file target24.pdb (PDB, C-alpha atoms and all ligand atoms)
ATOM      1  CA  MET A   3      27.255 -28.272   8.709
ATOM      2  CA  PHE A   4      26.759 -30.739   5.830
ATOM      3  CA  LEU A   5      29.724 -29.091   4.069
ATOM      4  CA  GLY A   6      31.949 -29.864   7.053
ATOM      5  CA  HIS A   7      32.129 -26.373   8.584
ATOM      6  CA  ASP A   8      32.091 -25.457  12.251
ATOM      7  CA  VAL A   9      28.984 -23.316  12.646
ATOM      8  CA  VAL A  10      28.234 -20.698  15.297
ATOM      9  CA  VAL A  11      24.628 -19.433  15.271
ATOM     10  CA  LEU A  12      23.948 -16.090  16.945
ATOM     11  CA  ASP A  13      20.190 -15.587  17.362
ATOM     12  CA  SER A  14      18.066 -13.331  19.548
ATOM     13  CA  PHE A  15      14.950 -15.431  18.768
ATOM     14  CA  PHE A  16      13.038 -12.168  18.297
ATOM     15  CA  SER A  17      11.305 -13.704  15.299
ATOM     16  CA  GLY A  18      13.050 -17.076  14.966
ATOM     17  CA  ASN A  19      12.007 -20.407  16.389
ATOM     18  CA  LYS A  20      14.293 -22.582  18.523
ATOM     19  CA  THR A  21      12.815 -25.813  17.186
ATOM     20  CA  THR A  22      14.284 -25.117  13.725
ATOM     21  CA  LEU A  23      17.760 -25.526  15.289
ATOM     22  CA  SER A  24      17.120 -28.085  18.017
ATOM     23  CA  HIS A  25      18.299 -31.083  15.955
ATOM     24  CA  TRP A  26      21.832 -29.618  15.766
ATOM     25  CA  VAL A  27      22.213 -29.019  19.499
ATOM     26  CA  GLY A  28      24.893 -31.374  20.868
ATOM     27  CA  HIS A  29      26.682 -31.793  17.505
ATOM     28  CA  PRO A  30      30.439 -31.214  18.035
ATOM     29  CA  ASN A  31      30.657 -28.720  15.119
ATOM     30  CA  PHE A  32      27.685 -26.636  16.244
ATOM     31  CA  GLU A  33      27.420 -23.815  18.754
ATOM     32  CA  LEU A  34      24.346 -21.756  19.576
ATOM     33  CA  ILE A  35      24.650 -18.339  21.217
ATOM     34  CA  ARG A  36      21.589 -16.485  22.393
ATOM     35  CA  GLY A  37      22.497 -12.904  21.649
ATOM     36  CA  ASP A  38      21.676  -9.908  19.518
ATOM     37  CA  VAL A  39      23.734  -8.441  16.675
ATOM     38  CA  VAL A  40      23.028  -4.954  18.027
ATOM     39  CA  GLU A  41      25.618  -5.766  20.730
ATOM     40  CA  PRO A  42      29.259  -6.191  19.626
ATOM     41  CA  ILE A  43      30.534  -9.750  19.941
ATOM     42  CA  LEU A  44      34.036 -11.264  19.984
ATOM     43  CA  LEU A  45      34.267 -14.440  17.893
ATOM     44  CA  GLU A  46      36.832 -16.050  15.613
ATOM     45  CA  VAL A  47      35.218 -16.768  12.246
ATOM     46  CA  ASP A  48      36.152 -16.907   8.583
ATOM     47  CA  GLN A  49      32.726 -16.444   6.987
ATOM     48  CA  ILE A  50      29.730 -14.441   8.221
ATOM     49  CA  TYR A  51      26.194 -14.940   6.891
ATOM     50  CA  HIS A  52      24.500 -11.815   8.271
ATOM     51  CA  LEU A  53      20.851 -12.882   8.154
ATOM     52  CA  ALA A  54      19.560 -11.078  11.248
ATOM     53  CA  CYS A  55      16.307  -9.072  11.025
ATOM     54  CA  PRO A  56      12.611  -9.952  11.157
ATOM     55  CA  ALA A  57      11.529 -10.404   7.530
ATOM     56  CA  SER A  58       7.756 -10.543   7.601
ATOM     57  CA  PRO A  59       6.089  -7.111   7.193
ATOM     58  CA  LYS A  60       3.982  -7.842  10.297
ATOM     59  CA  ALA A  61       7.058  -8.696  12.387
ATOM     60  CA  TYR A  62       9.308  -5.889  11.183
ATOM     61  CA  GLN A  63       6.605  -3.231  11.687
ATOM     62  CA  LEU A  64       5.946  -4.418  15.248
ATOM     63  CA  ASN A  65       8.995  -2.520  16.472
ATOM     64  CA  ALA A  66      10.242  -0.222  13.711
ATOM     65  CA  VAL A  67      13.121   1.215  15.745
ATOM     66  CA  LYS A  68      14.387  -2.262  16.621
ATOM     67  CA  THR A  69      14.211  -3.249  12.932
ATOM     68  CA  LEU A  70      16.255  -0.178  11.965
ATOM     69  CA  LYS A  71      18.730  -0.805  14.772
ATOM     70  CA  THR A  72      19.195  -4.404  13.660
ATOM     71  CA  SER A  73      19.867  -3.350  10.083
ATOM     72  CA  PHE A  74      22.124  -0.439  10.987
ATOM     73  CA  VAL A  75      23.879  -1.184  14.306
ATOM     74  CA  GLY A  76      23.686  -4.954  13.750
ATOM     75  CA  THR A  77      25.256  -4.702  10.298
ATOM     76  CA  LEU A  78      27.901  -2.294  11.632
ATOM     77  CA  ASN A  79      28.848  -4.816  14.351
ATOM     78  CA  MET A  80      28.978  -7.759  11.943
ATOM     79  CA  LEU A  81      31.101  -5.750   9.488
ATOM     80  CA  GLY A  82      33.398  -4.768  12.350
ATOM     81  CA  LEU A  83      33.746  -8.464  13.203
ATOM     82  CA  ALA A  84      34.486  -9.248   9.538
ATOM     83  CA  LYS A  85      37.124  -6.513   9.431
ATOM     84  CA  ARG A  86      38.885  -7.732  12.599
ATOM     85  CA  THR A  87      38.825 -11.418  11.679
ATOM     86  CA  LYS A  88      39.319 -10.868   7.898
ATOM     87  CA  ALA A  89      36.205 -12.986   7.388
ATOM     88  CA  ARG A  90      34.214 -12.949   4.171
ATOM     89  CA  PHE A  91      30.863 -11.221   4.842
ATOM     90  CA  LEU A  92      27.475 -11.877   3.201
ATOM     91  CA  LEU A  93      24.542  -9.513   3.747
ATOM     92  CA  SER A  94      21.003 -10.791   3.245
ATOM     93  CA  SER A  95      19.366  -7.809   1.591
ATOM     94  CA  THR A  96      15.930  -7.774   0.040
ATOM     95  CA  SER A  97      13.744  -7.073  -2.962
ATOM     96  CA  GLU A  98      12.217  -4.377  -0.749
ATOM     97  CA  VAL A  99      15.158  -2.085  -1.586
ATOM     98  CA  TYR A 100      13.294  -1.650  -4.922
ATOM     99  CA  GLY A 101      10.144  -0.462  -3.064
ATOM    100  CA  SER A 102       7.147  -0.149  -5.405
ATOM    101  CA  PRO A 103       9.174  -0.697  -8.573
ATOM    102  CA  THR A 104       8.677   1.356 -11.718
ATOM    103  CA  VAL A 105      10.904  -1.082 -13.631
ATOM    104  CA  HIS A 106       9.761  -4.680 -14.176
ATOM    105  CA  PRO A 107      11.343  -7.184 -13.697
ATOM    106  CA  GLN A 108      13.860  -5.607 -11.325
ATOM    107  CA  PRO A 109      17.568  -5.754 -12.280
ATOM    108  CA  GLU A 110      20.237  -4.965  -9.674
ATOM    109  CA  SER A 111      21.021  -1.726 -11.544
ATOM    110  CA  TYR A 112      17.565  -0.305 -10.669
ATOM    111  CA  TRP A 113      17.804   2.155  -7.759
ATOM    112  CA  GLY A 114      14.274   1.593  -6.511
ATOM    113  CA  ASN A 115      11.226   3.597  -5.493
ATOM    114  CA  VAL A 116      10.992   3.503  -1.697
ATOM    115  CA  ASN A 117       8.746   5.592   0.572
ATOM    116  CA  PRO A 118      11.330   6.753   3.158
ATOM    117  CA  ASN A 119       8.797   7.525   5.895
ATOM    118  CA  GLY A 120       5.987   4.979   5.438
ATOM    119  CA  PRO A 121       5.372   1.943   7.663
ATOM    120  CA  ARG A 122       7.692  -0.269   5.572
ATOM    121  CA  ALA A 123      10.566   2.250   5.675
ATOM    122  CA  CYS A 124      12.114   0.676   8.786
ATOM    123  CA  TYR A 125      12.859  -2.459   6.767
ATOM    124  CA  ASP A 126      13.392  -1.020   3.263
ATOM    125  CA  GLU A 127      15.589   1.876   4.369
ATOM    126  CA  GLY A 128      17.239  -0.321   7.006
ATOM    127  CA  LYS A 129      18.352  -2.775   4.344
ATOM    128  CA  ARG A 130      19.393   0.077   2.029
ATOM    129  CA  VAL A 131      21.651   1.531   4.706
ATOM    130  CA  ALA A 132      22.928  -1.997   5.445
ATOM    131  CA  GLU A 133      23.980  -2.280   1.796
ATOM    132  CA  ALA A 134      25.614   1.170   1.924
ATOM    133  CA  LEU A 135      27.529   0.177   5.079
ATOM    134  CA  THR A 136      28.616  -3.082   3.488
ATOM    135  CA  TYR A 137      30.084  -1.354   0.434
ATOM    136  CA  GLY A 138      31.554   1.353   2.687
ATOM    137  CA  TYR A 139      33.551  -1.274   4.591
ATOM    138  CA  ALA A 140      34.501  -2.974   1.313
ATOM    139  CA  ARG A 141      35.865   0.222  -0.285
ATOM    140  CA  GLN A 142      37.357   1.785   2.823
ATOM    141  CA  ASP A 143      38.669  -1.236   4.728
ATOM    142  CA  GLY A 144      38.948  -3.924   2.073
ATOM    143  CA  VAL A 145      36.354  -6.208   3.707
ATOM    144  CA  ASP A 146      35.496  -9.044   1.317
ATOM    145  CA  VAL A 147      31.711  -8.670   0.891
ATOM    146  CA  ARG A 148      28.753 -10.299  -0.869
ATOM    147  CA  VAL A 149      25.208  -8.883  -1.037
ATOM    148  CA  ALA A 150      22.188 -11.067  -1.857
ATOM    149  CA  ARG A 151      18.865  -9.371  -2.606
ATOM    150  CA  ILE A 152      16.334 -12.017  -1.640
ATOM    151  CA  PHE A 153      12.874 -12.194  -3.269
ATOM    152  CA  ASN A 154       9.864 -13.736  -1.459
ATOM    153  CA  CYS A 155      11.279 -16.910  -0.011
ATOM    154  CA  PHE A 156       8.923 -19.406   1.677
ATOM    155  CA  GLY A 157       9.307 -22.577   3.714
ATOM    156  CA  ASP A 158       8.710 -23.893   7.195
ATOM    157  CA  THR A 159       8.351 -20.566   9.009
ATOM    158  CA  ASP A 160       4.936 -19.353  10.104
ATOM    159  CA  ASP A 161       5.652 -15.629  10.392
ATOM    160  CA  GLY A 162       2.690 -13.816   8.857
ATOM    161  CA  ARG A 163       3.765 -13.883   5.235
ATOM    162  CA  LEU A 164       1.695 -14.990   2.241
ATOM    163  CA  VAL A 165       2.493 -18.711   2.003
ATOM    164  CA  SER A 166       2.415 -19.591   5.703
ATOM    165  CA  ASN A 167      -0.737 -17.523   6.341
ATOM    166  CA  PHE A 168      -2.606 -19.100   3.430
ATOM    167  CA  ALA A 169      -1.348 -22.650   4.053
ATOM    168  CA  VAL A 170      -2.212 -22.631   7.759
ATOM    169  CA  ALA A 171      -5.635 -21.051   7.103
ATOM    170  CA  ALA A 172      -6.423 -23.637   4.389
ATOM    171  CA  LEU A 173      -5.411 -26.482   6.709
ATOM    172  CA  ARG A 174      -7.625 -25.158   9.493
ATOM    173  CA  GLY A 175     -10.621 -24.514   7.259
ATOM    174  CA  GLU A 176     -10.360 -20.774   7.921
ATOM    175  CA  PRO A 177     -10.674 -17.976   5.327
ATOM    176  CA  LEU A 178      -7.561 -17.009   3.332
ATOM    177  CA  GLN A 179      -7.409 -13.265   3.892
ATOM    178  CA  VAL A 180      -6.225 -11.425   0.786
ATOM    179  CA  TYR A 181      -5.204  -7.831   1.480
ATOM    180  CA  GLY A 182      -6.702  -5.491  -1.144
ATOM    181  CA  ASP A 183      -7.877  -6.874  -4.494
ATOM    182  CA  GLY A 184      -5.274  -9.667  -4.711
ATOM    183  CA  GLN A 185      -3.830  -8.312  -7.971
ATOM    184  CA  ALA A 186      -0.371  -7.488  -6.534
ATOM    185  CA  THR A 187       2.192  -9.952  -7.872
ATOM    186  CA  ARG A 188       4.941 -11.886  -6.108
ATOM    187  CA  SER A 189       7.519 -14.384  -7.373
ATOM    188  CA  LEU A 190       7.850 -17.199  -4.862
ATOM    189  CA  MET A 191      11.072 -19.107  -4.133
ATOM    190  CA  PHE A 192      11.337 -22.232  -1.980
ATOM    191  CA  VAL A 193      13.810 -22.006   0.895
ATOM    192  CA  HIS A 194      16.133 -24.804  -0.349
ATOM    193  CA  ASP A 195      16.886 -22.758  -3.474
ATOM    194  CA  LEU A 196      17.642 -19.711  -1.347
ATOM    195  CA  VAL A 197      20.111 -21.630   0.831
ATOM    196  CA  THR A 198      21.933 -22.917  -2.264
ATOM    197  CA  GLY A 199      21.987 -19.413  -3.748
ATOM    198  CA  LEU A 200      23.467 -17.871  -0.587
ATOM    199  CA  ILE A 201      26.188 -20.526  -0.336
ATOM    200  CA  ASP A 202      26.988 -20.229  -4.066
ATOM    201  CA  LEU A 203      27.292 -16.446  -3.734
ATOM    202  CA  MET A 204      29.450 -16.701  -0.610
ATOM    203  CA  GLU A 205      31.804 -19.118  -2.404
ATOM    204  CA  SER A 206      31.893 -17.088  -5.650
ATOM    205  CA  SER A 207      34.352 -14.360  -6.548
ATOM    206  CA  HIS A 208      31.553 -11.854  -7.286
ATOM    207  CA  SER A 209      31.984  -9.109  -4.739
ATOM    208  CA  LEU A 210      31.307  -5.531  -5.588
ATOM    209  CA  THR A 211      27.645  -5.484  -6.690
ATOM    210  CA  PRO A 212      24.456  -7.016  -5.216
ATOM    211  CA  VAL A 213      22.954 -10.164  -6.748
ATOM    212  CA  ASN A 214      19.200 -10.887  -6.937
ATOM    213  CA  ILE A 215      18.300 -14.321  -5.579
ATOM    214  CA  GLY A 216      14.731 -15.185  -6.478
ATOM    215  CA  SER A 217      12.355 -17.041  -8.721
ATOM    216  CA  SER A 218      10.846 -15.615 -11.895
ATOM    217  CA  ASP A 219       7.652 -17.601 -11.291
ATOM    218  CA  GLU A 220       5.390 -14.568 -10.866
ATOM    219  CA  GLY A 221       1.709 -14.742  -9.953
ATOM    220  CA  THR A 222      -0.940 -12.562  -8.375
ATOM    221  CA  VAL A 223      -1.592 -12.948  -4.656
ATOM    222  CA  LEU A 224      -5.056 -14.258  -5.562
ATOM    223  CA  SER A 225      -3.591 -16.896  -7.880
ATOM    224  CA  TRP A 226      -1.203 -18.065  -5.126
ATOM    225  CA  ALA A 227      -4.138 -18.285  -2.696
ATOM    226  CA  GLU A 228      -5.965 -20.498  -5.196
ATOM    227  CA  GLU A 229      -2.837 -22.597  -5.806
ATOM    228  CA  ILE A 230      -2.418 -23.186  -2.063
ATOM    229  CA  LEU A 231      -6.097 -24.129  -1.695
ATOM    230  CA  SER A 232      -5.784 -26.652  -4.511
ATOM    231  CA  THR A 233      -2.503 -28.053  -3.109
ATOM    232  CA  VAL A 234      -4.202 -28.668   0.255
ATOM    233  CA  ARG A 235      -7.185 -30.252  -1.516
ATOM    234  CA  GLU A 236      -4.927 -32.579  -3.560
ATOM    235  CA  LEU A 237      -2.855 -33.693  -0.559
ATOM    236  CA  ARG A 238      -6.053 -34.400   1.379
ATOM    237  CA  ALA A 239      -7.483 -36.417  -1.515
ATOM    238  CA  ALA A 240      -4.218 -38.400  -1.684
ATOM    239  CA  GLY A 241      -4.467 -39.144   2.043
ATOM    240  CA  GLU A 242      -1.108 -37.426   2.711
ATOM    241  CA  ILE A 243      -2.584 -34.976   5.193
ATOM    242  CA  ALA A 244      -5.525 -35.222   7.574
ATOM    243  CA  PRO A 245      -9.034 -34.442   6.280
ATOM    244  CA  LEU A 246     -10.966 -31.494   7.665
ATOM    245  CA  PRO A 247     -13.062 -32.440  10.707
ATOM    246  CA  ALA A 248     -16.567 -33.518   9.649
ATOM    247  CA  GLY A 249     -18.848 -30.554   9.114
ATOM    248  CA  THR A 250     -16.026 -28.001   8.657
ATOM    249  CA  PRO A 251     -16.530 -26.225   5.314
ATOM    250  CA  GLU A 252     -13.546 -25.806   2.958
ATOM    251  CA  SER A 253     -11.659 -22.511   3.161
ATOM    252  CA  LYS A 254     -12.447 -19.668   0.790
ATOM    253  CA  VAL A 255     -10.702 -16.440  -0.130
ATOM    254  CA  GLU A 256     -11.850 -13.391   1.835
ATOM    255  CA  PHE A 257     -10.907  -9.877   0.690
ATOM    256  CA  VAL A 258      -9.846  -7.529   3.501
ATOM    257  CA  PRO A 259      -8.502  -3.940   3.357
ATOM    258  CA  ALA A 260      -5.165  -3.422   1.589
ATOM    259  CA  VAL A 261      -1.982  -2.722   3.582
ATOM    260  CA  VAL A 262      -0.148   0.594   3.178
ATOM    261  CA  ASP A 263       2.608   0.778   0.533
ATOM    262  CA  ASP A 264       2.190  -2.875  -0.504
ATOM    263  CA  PRO A 265       4.406  -3.160  -3.616
ATOM    264  CA  PRO A 266       2.060  -3.799  -6.576
ATOM    265  CA  ARG A 267       4.400  -6.125  -8.480
ATOM    266  CA  ARG A 268       7.667  -7.908  -7.972
ATOM    267  CA  ARG A 269       9.859 -10.206 -10.053
ATOM    268  CA  PRO A 270      13.639 -10.417 -10.041
ATOM    269  CA  ASP A 271      15.815 -10.180 -13.106
ATOM    270  CA  THR A 272      18.179 -13.049 -12.286
ATOM    271  CA  THR A 273      20.506 -12.741 -15.288
ATOM    272  CA  LEU A 274      23.398 -11.772 -13.007
ATOM    273  CA  ALA A 275      22.893 -14.745 -10.650
ATOM    274  CA  LYS A 276      22.963 -17.081 -13.657
ATOM    275  CA  GLU A 277      26.076 -15.432 -15.083
ATOM    276  CA  VAL A 278      28.248 -14.945 -12.031
ATOM    277  CA  ILE A 279      27.285 -17.797  -9.711
ATOM    278  CA  GLY A 280      25.599 -20.190 -12.140
ATOM    279  CA  TRP A 281      22.503 -20.236  -9.918
ATOM    280  CA  ASP A 282      18.910 -20.861 -10.931
ATOM    281  CA  PRO A 283      16.029 -22.126  -8.758
ATOM    282  CA  ARG A 284      15.517 -25.901  -9.046
ATOM    283  CA  TRP A 285      12.287 -26.260  -7.071
ATOM    284  CA  THR A 286       8.978 -25.514  -8.776
ATOM    285  CA  VAL A 287       6.641 -23.425  -6.636
ATOM    286  CA  LYS A 288       4.192 -26.340  -6.705
ATOM    287  CA  ALA A 289       6.727 -28.812  -5.255
ATOM    288  CA  GLY A 290       7.783 -26.259  -2.619
ATOM    289  CA  LEU A 291       4.151 -25.612  -1.683
ATOM    290  CA  GLU A 292       3.519 -29.345  -1.278
ATOM    291  CA  GLU A 293       6.498 -29.682   1.086
ATOM    292  CA  THR A 294       5.393 -26.620   3.027
ATOM    293  CA  VAL A 295       1.779 -27.768   3.365
ATOM    294  CA  ARG A 296       2.941 -31.223   4.543
ATOM    295  CA  TYR A 297       5.173 -29.515   7.138
ATOM    296  CA  PHE A 298       2.435 -27.240   8.530
ATOM    297  CA  ALA A 299      -0.073 -30.113   8.515
ATOM    298  CA  ALA A 300       2.311 -32.162  10.676
ATOM    299  CA  GLN A 301       2.859 -29.195  13.008
ATOM    300  CA  LEU A 302      -0.886 -28.660  13.420
ATOM    301  CA  GLU A 303      -1.445 -32.363  14.112
ATOM    302  CA  MET A 304       1.265 -32.299  16.804
ATOM    303  CA  ALA A 305      -0.279 -29.202  18.393
ATOM    304  CA  ASP A 306      -3.777 -30.794  18.545
TER     305      ASP A 306
HETATM  306  O1  LIG A 401      10.673 -11.553   0.338
HETATM  307  C1  LIG A 401      10.795 -10.412  -0.127
HETATM  308  O2  LIG A 401      11.145 -10.183  -1.268
HETATM  309  C2  LIG A 401      10.564  -9.278   0.799
HETATM  310  O3  LIG A 401       9.196  -8.957   0.809
HETATM  311  C3  LIG A 401       8.376  -9.397   1.811
HETATM  312  O4  LIG A 401       7.258  -8.547   1.767
HETATM  313  P1  LIG A 401       5.966  -8.984   1.022
HETATM  314  O5  LIG A 401       6.219  -9.378  -0.377
HETATM  315  O6  LIG A 401       4.947  -7.926   1.220
HETATM  316  O7  LIG A 401       5.591 -10.321   1.821
HETATM  317  P2  LIG A 401       4.239 -10.998   2.262
HETATM  318  O8  LIG A 401       3.826 -10.526   3.597
HETATM  319  O9  LIG A 401       4.460 -12.452   2.083
HETATM  320  O10 LIG A 401       3.128 -10.472   1.235
HETATM  321  C4  LIG A 401       3.104 -10.832  -0.131
HETATM  322  C5  LIG A 401       1.797 -10.337  -0.737
HETATM  323  O11 LIG A 401       0.732 -11.098  -0.200
HETATM  324  C6  LIG A 401      -0.204 -10.273   0.452
HETATM  325  N1  LIG A 401      -0.711 -11.009   1.635
HETATM  326  C7  LIG A 401       0.135 -11.479   2.568
HETATM  327  C8  LIG A 401      -0.314 -12.187   3.654
HETATM  328  C9  LIG A 401      -1.693 -12.408   3.780
HETATM  329  O12 LIG A 401      -2.193 -13.056   4.749
HETATM  330  N2  LIG A 401      -2.529 -11.919   2.829
HETATM  331  C10 LIG A 401      -2.077 -11.234   1.747
HETATM  332  O13 LIG A 401      -2.889 -10.805   0.891
HETATM  333  C11 LIG A 401       0.521  -8.979   0.782
HETATM  334  O14 LIG A 401      -0.357  -7.897   0.875
HETATM  335  C12 LIG A 401       1.485  -8.889  -0.400
HETATM  336  O15 LIG A 401       0.835  -8.298  -1.501
HETATM  337  C13 LIG A 401       9.008  -9.267   3.160
HETATM  338  O16 LIG A 401       8.923  -7.962   3.595
HETATM  339  C14 LIG A 401      10.442  -9.543   3.236
HETATM  340  O17 LIG A 401      10.618 -10.716   3.953
HETATM  341  C15 LIG A 401      11.218  -9.718   2.034
HETATM  342  O18 LIG A 401      12.474  -9.131   2.136
END

call {"tool": "encode", "arguments": {"input": "target24.pdb", "output": "structure tokens"}}
result
Amino acid sequence: MFLGHDVVVLDSFFSGNKTTLSHWVGHPNFELIRGDVVEPILLEVDQIYHLACPASPKAYQLNAVKTLKTSFVGTLNMLGLAKRTKARFLLSSTSEVYGSPTVHPQPESYWGNVNPNGPRACYDEGKRVAEALTYGYARQDGVDVRVARIFNCFGDTDDGRLVSNFAVAALRGEPLQVYGDGQATRSLMFVHDLVTGLIDLMESSHSLTPVNIGSSDEGTVLSWAEEILSTVRELRAAGEIAPLPAGTPESKVEFVPAVVDDPPRRRPDTTLAKEVIGWDPRWTVKAGLEETVRYFAAQLEMAD
């Protein structure tokens, strides 16, 4: 919208939140359609950002068949739309196509190590088939495609992933539940950098191979839990967010059983993104965490 485009959003709100879009409703260049990519749709468009699919492990495992359908049938429908309208098509793929990686950091040339029948398979294999479909349409039908492999993005969505779970728990004075021993690593990227990366890739001429979009700021889950606790503490001390109610003890880390097939380490090799789209994250994790904590603090205050 800020770049002057007319934007049509197609959302089933299966995992999304209407309030994240409400400020655009009524704008003459904006249209919101409640619908699902698993159904074909007739639209006239010249670019398609195919972002549909629950992304949090909790949300995508809730209904594994629906997750697979979204990645397969949904991607098929969006590619069909791209073919008919001659639109440029961008698929949001994922670091999960690398599974539990045996190569570190992960370059796009690595084929991955995915359990094809475990509880994460609906998402990992769904996105792998979505990539295969995308390149099928590119080779067979000449559809102009882009594939972004996104690594651990965080922001203002409370969907059961690391940052939102830990930030909300720390704000409420509840325990931060670390699954397993907390030694798995993740590289966290703030949402503003992701949006820039997706637009840069869409506008670039790089078509026929996927591009990792992620931060190389890698830390253990335990270290991120501690970082979030200290961010909340600092913002409270600065008076930027509300103090804990009197008598509520500060949150602590609590270790709970590990989840099945949790990838033990993850960090993107972003050489290609730098080379072909000139993209690099600009936000430090710390600055992104501060923004995120301020956002959730405001949400919790409104809800009280
Ligand atoms: O963003 C990515 O690259 C991909 O990986 C994520 O999967 P995951 O990294 O497991 O995402 P989280 O649920 O945020 O978990 C990150 C780590 O924190 C741990 N965790 C998460 C949440 C929590 O409350 N406690 C906790 O210890 C998990 O076990 C895991 O080791 C999501 O599946 C996808 O959205 C995405 O495509």

call {"tool": "residues_near_point", "arguments": {"input": "target24.pdb", "point": "(31.7, -28.4, 11.3)", "cutoff": "12 Å", "atoms": "all atoms listed in the file", "output": "list in words"}}
result
Met3, Phe4, Leu5, Gly6, His7, Asp8, Val9, Val10, Trp26, His29, Pro30, Asn31, Phe32 and Glu33 of chain A

call {"tool": "residues_near_point", "arguments": {"input": "target24.pdb", "point": "(9.3, -28.6, -7.4)", "cutoff": "12 Å", "atoms": "all atoms listed in the file", "output": "mmCIF file with C-alpha atoms, keeping the file's coordinate frame"}}
result
data_model
loop_
_atom_site.group_PDB
_atom_site.id
_atom_site.type_symbol
_atom_site.label_atom_id
_atom_site.label_comp_id
_atom_site.auth_asym_id
_atom_site.auth_seq_id
_atom_site.Cartn_x
_atom_site.Cartn_y
_atom_site.Cartn_z
ATOM 1 C CA LEU A 190 7.850 -17.199 -4.862
ATOM 2 C CA MET A 191 11.072 -19.107 -4.133
ATOM 3 C CA PHE A 192 11.337 -22.232 -1.980
ATOM 4 C CA VAL A 193 13.810 -22.006 0.895
ATOM 5 C CA HIS A 194 16.133 -24.804 -0.349
ATOM 6 C CA ASP A 195 16.886 -22.758 -3.474
ATOM 7 C CA ASP A 219 7.652 -17.601 -11.291
ATOM 8 C CA PRO A 283 16.029 -22.126 -8.758
ATOM 9 C CA ARG A 284 15.517 -25.901 -9.046
ATOM 10 C CA TRP A 285 12.287 -26.260 -7.071
ATOM 11 C CA THR A 286 8.978 -25.514 -8.776
ATOM 12 C CA VAL A 287 6.641 -23.425 -6.636
ATOM 13 C CA LYS A 288 4.192 -26.340 -6.705
ATOM 14 C CA ALA A 289 6.727 -28.812 -5.255
ATOM 15 C CA GLY A 290 7.783 -26.259 -2.619
ATOM 16 C CA LEU A 291 4.151 -25.612 -1.683
ATOM 17 C CA GLU A 292 3.519 -29.345 -1.278
ATOM 18 C CA GLU A 293 6.498 -29.682 1.086
ATOM 19 C CA THR A 294 5.393 -26.620 3.027
#

call {"tool": "resolve_selection", "arguments": {"input": "target24.pdb", "expression": "the PyMOL selection byres (((chain A and resi 90) around 10) and not hetatm)", "output": "PDB file with C-alpha atoms, in the coordinates of the input"}}
result
ATOM      1  CA  VAL A  47      35.218 -16.768  12.246  1.00  0.00           C
ATOM      2  CA  ASP A  48      36.152 -16.907   8.583  1.00  0.00           C
ATOM      3  CA  GLN A  49      32.726 -16.444   6.987  1.00  0.00           C
ATOM      4  CA  ILE A  50      29.730 -14.441   8.221  1.00  0.00           C
ATOM      5  CA  TYR A  51      26.194 -14.940   6.891  1.00  0.00           C
ATOM      6  CA  LEU A  81      31.101  -5.750   9.488  1.00  0.00           C
ATOM      7  CA  ALA A  84      34.486  -9.248   9.538  1.00  0.00           C
ATOM      8  CA  LYS A  85      37.124  -6.513   9.431  1.00  0.00           C
ATOM      9  CA  THR A  87      38.825 -11.418  11.679  1.00  0.00           C
ATOM     10  CA  LYS A  88      39.319 -10.868   7.898  1.00  0.00           C
ATOM     11  CA  ALA A  89      36.205 -12.986   7.388  1.00  0.00           C
ATOM     12  CA  PHE A  91      30.863 -11.221   4.842  1.00  0.00           C
ATOM     13  CA  LEU A  92      27.475 -11.877   3.201  1.00  0.00           C
ATOM     14  CA  VAL A 145      36.354  -6.208   3.707  1.00  0.00           C
ATOM     15  CA  ASP A 146      35.496  -9.044   1.317  1.00  0.00           C
ATOM     16  CA  VAL A 147      31.711  -8.670   0.891  1.00  0.00           C
ATOM     17  CA  ARG A 148      28.753 -10.299  -0.869  1.00  0.00           C
ATOM     18  CA  MET A 204      29.450 -16.701  -0.610  1.00  0.00           C
ATOM     19  CA  GLU A 205      31.804 -19.118  -2.404  1.00  0.00           C
ATOM     20  CA  SER A 209      31.984  -9.109  -4.739  1.00  0.00           C
TER      21      SER A 209
END

call {"tool": "residues_near_ligand", "arguments": {"input": "target24.pdb", "ligand": "ligand LIG 401 (chain A)", "cutoff": "8 Å", "atoms": "only C-alpha atoms and all ligand atoms", "output": "ChimeraX atom specification"}}
result
/A:56-60,62,95-98,125,151-155,162-165,167-168,178-182,184-188,223-224,260-261,264-266,268

call {"tool": "closest_residue", "arguments": {"input": "target24.pdb", "among": "A:Leu70, A:Ala169, A:Ala61, A:Leu78", "to": "Glu41 in chain A", "atoms": "all atoms listed in the file"}}
result
A:Leu78

call {"tool": "atom_distance", "arguments": {"input": "target24.pdb", "atom1": "CA of Val197 in chain A", "atom2": "CA of Asn214 in chain A"}}
result
13.3 Å

call {"tool": "resolve_selection", "arguments": {"input": "target24.pdb", "expression": "the PyMOL selection byres (((chain A and resi 247) around 12) and not hetatm)", "output": "number ranges by chain"}}
result
A: 173-175, 238, 244-246, 248-252

call {"tool": "atom_distance", "arguments": {"input": "target24.pdb", "atom1": "CA of Ser218 in chain A", "atom2": "CA of Thr77 in chain A"}}
result
28.6 Å

call {"tool": "atom_distance", "arguments": {"input": "target24.pdb", "atom1": "CA of Gly114 in chain A", "atom2": "CA of Val213 in chain A"}}
result
14.6 Å

call {"tool": "closest_residue", "arguments": {"input": "target24.pdb", "among": "A:Thr273, A:Pro212, A:Glu228, A:Leu237", "to": "Leu200 in chain A", "atoms": "only C-alpha atoms"}}
result
A:Pro212

call {"tool": "resolve_selection", "arguments": {"input": "target24.pdb", "expression": "the PyMOL selection byres (((chain A and resi 118-121) around 9) and not hetatm)", "output": "count of residues only"}}
result
12

call {"tool": "residues_around", "arguments": {"input": "target24.pdb", "residues": "Ser253 in chain A", "least_positions_apart": "6", "cutoff": "6 Å", "atoms": "all atoms listed in the file", "output": "list of chain:residue names"}}
result
A:Ala172, A:Gly175, A:Glu176, A:Pro177
